[in-house]
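Asks: Let me begin by handing over the structure; questions about it come next.
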Amino acid sequence: MSKDIKKEFLPFGFSELDAVSRRFEERAAEGWMLKTLDTTCIYERTLPRALRFNVVLCPTAEAGSNDISEKSHEFIRLCEDAGWRFVDHRGAAYAFFTDSESAPDIETDDLERVNAVRKAGKQNRTLMTLPLALNGLNALTQLFALIDTRGDVLRIALFAFLVIATIISLIGILADRKRENEWCERALESIGAGEPIPASGEEDLAARRRIAVLGICSAILLTLALIAVIWIKGDAPIRASLIAAVLTAIPVALLAPGLARKKRSKGKTALTVLLIIGALILFVVLFAIFGSVLHAFEEILA
Amino acid sequence: MPREALSSLTEPMYYVLLALNRPRCGIEIMARAEEISRGRLRIGPGTLYTMLAKFEDNGLIALVPPSPGESGKRKSYEMTAKGAALLKQEYDRLKRQAEDGKAIMEELT
């Protein structure tokens, strides 16, 4: 990585936008200007500047979409007319900055802020429910297959993997909803008392980071456990599939996020199709190679 | 009792409608609302955007069609008859509230 570029792992929810804004202000004062807003934010080296940041929920953004609609462009234009400059967005969270002390904050109605957080949080969780439901259905399918095959170890491992993954995802969604509800309740209490909404702070970001790290570690451990069982209990073709799958997943995991961030266009669709076809071809080629190697290896050992 | 959707106005909504006594674009509305309230009320662009969308959905304001050759200009809005009626209703309500409290405030001071 160039010394003029810096990355920061910064998972955040919609109730932590204040804390995220303050973080970007600190970075700007240190000489790092936000360039890309994502779970891993990217900064560019610049002169240290005293800037104000507002990370807000765009009322017209579609949950889970990286495209900026015409209405969202209007929203950006209005904010820019008021002295703010748009940097980037992650889903519905849009990041702006200004060097003007007099520019009004982008959101000045606390009740609307609470409503926006509730609405965006609900949309996000609805999106997250679909892969969860698919996982659950898959687990059920494996359960029925298990009953048929009566204790096939590989099926047990796969079933256990899917069940645990579903439970972890569900816990994540419920924990997210709990944090958001707690923030909304505190915010509404403050509004009722005529006080400003208490701003989220570093401790909220730290808690979110801990949860994210826990989730990632659980996913890695779970996947490694599944791979280990498949390797131990599988035969040459299954092991070859496993190696091919892991080696195919690596370039896909590296390329997919960059592709997902592109604007919706014919070019993006073409690249996505190319990536899928490329991954399939790579998987088949690697499967053929490792299948032959492992088969030959087994014969030698036999 | 919960307020019915836009049957009465919050303070920022009231001032935004006041600012729309003539057609204005977003940044002009913000500046005019601040001017009318003598600097007391500053409405953020995000809040204004949501408010204008709500007003438009409820028929209180309407988009001013751009003149030929002005397609690149900022969007302007004007108050509709329904918006003017609601503004008048809110003004009368606030006036009655002030009058109701006048005698008591005079006793206290």
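Every chain in the structure tokens has a letter given in the order shown (A, B, ...), and although residue numbers restart at 1 in each chain, ligands are simply numbered from 1 in the order shown.
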What are the residues of chain A lining chain B at 9 Å or less? Count only C-alpha atoms, and put the answer as a PyMOL selection string.
Replies: chain A and resi 56-59+74-82+103-109+112-113
Asks: Near stretch 284-290 of chain A, within 8 Å and counting only C-alpha atoms, which residues show up once chain neighbours fewer than 6 positions away are dropped, as a list of chain:residue names?
Replies: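 Within the cut-off, the hits are A:Pro237, A:Ala240, A:Ser241, A:Ile243, A:Ala244.
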Asks: Have a look at B:Asn58, B:Arg38, B:Met79, B:Ile104 and name the one nearest to B:Val16; count only C-alpha atoms.
Replies: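 Of B:Asn58, B:Arg38, B:Met79, B:Ile104, the one nearest B:Val16, counting only C-alpha atoms, is B:Met79.
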Asks: List every residue of stretch 7-141 of chain A that DSSP, applied to the backbone of this structure, places in alpha helix (DSSP H), and write the result as a ChimeraX atom specification.
Replies: /A:17-30,70-81,110-141
Asks: Looking at only C-alpha atoms, which of A:Gly258, A:Gly192, A:Pro251, A:Gly121 is the one that sits closest to A:Asp176?
Replies: A:Gly121
Asks: Within 10 Å of B:Ile61, counting only C-alpha atoms, which residues show up once you throw out same-chain ones fewer than 5 positions away? Write them as a VMD selection string, please.
Replies: chain B and resid 17 20 23 52 to 56 77 to 84
Asks: Would you mind exporting all heavy atoms of the selected residues as a CSV table (one decimal), in the first residue's frame?
Replies:
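Produced file result38.csv, reproduced below:
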chain,number,residue,atom,x,y,z
B,17,LEU,N,-42.9,27.1,5.6
B,17,LEU,CA,-44.1,27.5,4.8
B,17,LEU,C,-44.1,29.0,4.7
B,17,LEU,O,-44.5,29.6,3.7
B,17,LEU,CB,-45.4,27.0,5.4
B,17,LEU,CG,-45.7,25.5,5.0
B,17,LEU,CD1,-47.1,25.1,5.6
B,17,LEU,CD2,-45.8,25.4,3.5
B,20,LEU,N,-42.1,30.2,2.0
B,20,LEU,CA,-42.6,30.0,0.7
B,20,LEU,C,-43.8,30.9,0.3
B,20,LEU,O,-44.6,30.5,-0.5
B,20,LEU,CB,-43.0,28.5,0.6
B,20,LEU,CG,-41.8,27.5,0.4
B,20,LEU,CD1,-42.2,26.1,0.6
B,20,LEU,CD2,-41.3,27.7,-1.0
B,23,PRO,N,-42.2,31.8,-4.6
B,23,PRO,CA,-41.4,30.6,-5.1
B,23,PRO,C,-40.0,30.8,-4.7
B,23,PRO,O,-39.4,31.8,-4.9
B,23,PRO,CB,-41.6,30.6,-6.6
B,23,PRO,CG,-42.9,31.4,-6.8
B,23,PRO,CD,-43.0,32.4,-5.8
B,52,LEU,N,-39.6,19.1,2.5
B,52,LEU,CA,-40.2,19.5,1.2
B,52,LEU,C,-40.8,18.3,0.6
B,52,LEU,O,-41.9,18.4,0.0
B,52,LEU,CB,-39.1,20.1,0.3
B,52,LEU,CG,-38.5,21.4,0.7
B,52,LEU,CD1,-37.4,21.8,-0.2
B,52,LEU,CD2,-39.6,22.5,0.7
B,53,ALA,N,-40.2,17.1,0.7
B,53,ALA,CA,-40.8,15.9,0.1
B,53,ALA,C,-42.2,15.6,0.8
B,53,ALA,O,-43.1,15.3,0.1
B,53,ALA,CB,-39.9,14.7,0.3
B,54,LYS,N,-42.2,15.8,2.1
B,54,LYS,CA,-43.5,15.5,2.8
B,54,LYS,C,-44.5,16.6,2.4
B,54,LYS,O,-45.7,16.2,2.2
B,54,LYS,CB,-43.2,15.7,4.3
B,54,LYS,CG,-43.9,14.7,5.2
B,54,LYS,CD,-43.6,14.9,6.7
B,54,LYS,CE,-42.4,14.0,7.1
B,54,LYS,NZ,-42.1,14.0,8.5
B,55,PHE,N,-44.1,17.8,2.3
B,55,PHE,CA,-45.1,18.9,1.9
B,55,PHE,C,-45.6,18.6,0.5
B,55,PHE,O,-46.8,18.8,0.3
B,55,PHE,CB,-44.4,20.2,1.9
B,55,PHE,CG,-44.2,20.9,3.3
B,55,PHE,CD1,-43.4,22.0,3.5
B,55,PHE,CD2,-44.8,20.3,4.4
B,55,PHE,CE1,-43.2,22.6,4.7
B,55,PHE,CE2,-44.7,20.9,5.7
B,55,PHE,CZ,-43.8,22.0,5.8
B,56,GLU,N,-44.7,18.2,-0.4
B,56,GLU,CA,-45.1,17.9,-1.7
B,56,GLU,C,-46.1,16.7,-1.8
B,56,GLU,O,-47.1,16.8,-2.5
B,56,GLU,CB,-43.9,17.7,-2.6
B,56,GLU,CG,-44.2,18.0,-4.1
B,56,GLU,CD,-43.0,17.7,-5.0
B,56,GLU,OE1,-41.9,17.4,-4.5
B,56,GLU,OE2,-43.1,17.8,-6.2
B,77,TYR,N,-39.9,25.8,-5.4
B,77,TYR,CA,-41.2,25.3,-4.9
B,77,TYR,C,-42.0,26.6,-4.6
B,77,TYR,O,-41.5,27.7,-4.3
B,77,TYR,CB,-41.1,24.5,-3.6
B,77,TYR,CG,-40.4,23.2,-3.8
B,77,TYR,CD1,-39.0,23.1,-3.7
B,77,TYR,CD2,-41.1,22.0,-4.1
B,77,TYR,CE1,-38.3,21.9,-3.8
B,77,TYR,CE2,-40.4,20.8,-4.3
B,77,TYR,CZ,-39.0,20.8,-4.2
B,77,TYR,OH,-38.4,19.6,-4.4
B,78,GLU,N,-43.4,26.4,-4.7
B,78,GLU,CA,-44.3,27.4,-4.3
B,78,GLU,C,-45.4,26.8,-3.4
B,78,GLU,O,-45.7,25.6,-3.6
B,78,GLU,CB,-44.9,28.1,-5.5
B,78,GLU,CG,-45.7,27.2,-6.4
B,78,GLU,CD,-46.1,27.9,-7.7
B,78,GLU,OE1,-45.9,29.1,-7.8
B,78,GLU,OE2,-46.7,27.2,-8.5
B,79,MET,N,-46.0,27.6,-2.6
B,79,MET,CA,-47.1,27.1,-1.7
B,79,MET,C,-48.3,27.0,-2.5
B,79,MET,O,-48.6,27.8,-3.4
B,79,MET,CB,-47.3,28.1,-0.6
B,79,MET,CG,-48.0,27.5,0.6
B,79,MET,SD,-47.8,28.5,2.2
B,79,MET,CE,-47.5,30.2,1.7
B,80,THR,N,-49.1,25.9,-2.2
B,80,THR,CA,-50.4,25.7,-2.9
B,80,THR,C,-51.5,26.4,-2.0
B,80,THR,O,-51.2,26.8,-0.9
B,80,THR,CB,-50.7,24.2,-3.0
B,80,THR,OG1,-50.8,23.7,-1.7
B,80,THR,CG2,-49.7,23.5,-3.9
B,81,ALA,N,-52.7,26.4,-2.5
B,81,ALA,CA,-53.8,26.9,-1.7
B,81,ALA,C,-54.0,26.1,-0.4
B,81,ALA,O,-54.3,26.7,0.6
B,81,ALA,CB,-55.1,26.9,-2.6
B,82,LYS,N,-53.8,24.8,-0.5
B,82,LYS,CA,-53.9,23.9,0.6
B,82,LYS,C,-52.9,24.3,1.7
B,82,LYS,O,-53.1,24.3,2.9
B,82,LYS,CB,-53.8,22.5,0.2
B,82,LYS,CG,-54.1,21.5,1.3
B,82,LYS,CD,-54.0,20.0,0.8
B,82,LYS,CE,-54.1,19.0,2.0
B,82,LYS,NZ,-53.9,17.7,1.6
B,83,GLY,N,-51.6,24.5,1.2
B,83,GLY,CA,-50.5,24.9,2.1
B,83,GLY,C,-50.8,26.2,2.8
B,83,GLY,O,-50.6,26.4,4.0
B,84,ALA,N,-51.4,27.2,2.0
B,84,ALA,CA,-51.7,28.5,2.5
B,84,ALA,C,-52.8,28.4,3.6
B,84,ALA,O,-52.7,29.1,4.6
B,84,ALA,CB,-52.1,29.5,1.4
Asks: Residues near stretch 156-161 of chain A, anyone? I mean within 9 Å using only C-alpha atoms, not counting same-chain ones fewer than 6 positions away, as a list in words.
Replies: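 With the cut-off at 9 Å, the set is Asn138, Ala139, Leu140, Thr141, Gln142, Leu143, Leu146, Leu222, Thr223, Ala225, Leu226, Val229 and Ile230 of chain A.
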Asks: Just list the residues in chain B DSSP gives strand (DSSP E) on the backbone, as a count of residues only.
Replies: 10
Asks: Given only C-alpha atoms as the basis, pick out the residue of B:Ser76, B:Ala103, B:Tyr91, B:Ala85 nearest to B:Glu11.
Replies: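 Closest candidate: B:Tyr91.
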Asks: For atom CA of A:Leu301 and atom CA of A:Arg239, quote the distance in Å rounded to one decimal.
Replies: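 One can read the atom CA of A:Leu301 to atom CA of A:Arg239 distance as 16.0 Å.
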Asks: Give me the residues within 9 Å of A:Asp4 as a list in words, counting only C-alpha atoms and dropping any in the same chain fewer than 3 places off.
Replies: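 Residues near the query, excluding close chain neighbours: Met1, Trp32, Tyr43, Glu44, Arg45 and Thr46 of chain A.
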Asks: Near A:Arg186, within 8 Å and counting only C-alpha atoms, which residues show up once chain neighbours fewer than 3 positions away are dropped, as number ranges by chain?
Replies: A: 182-183, 189-190, 197-198
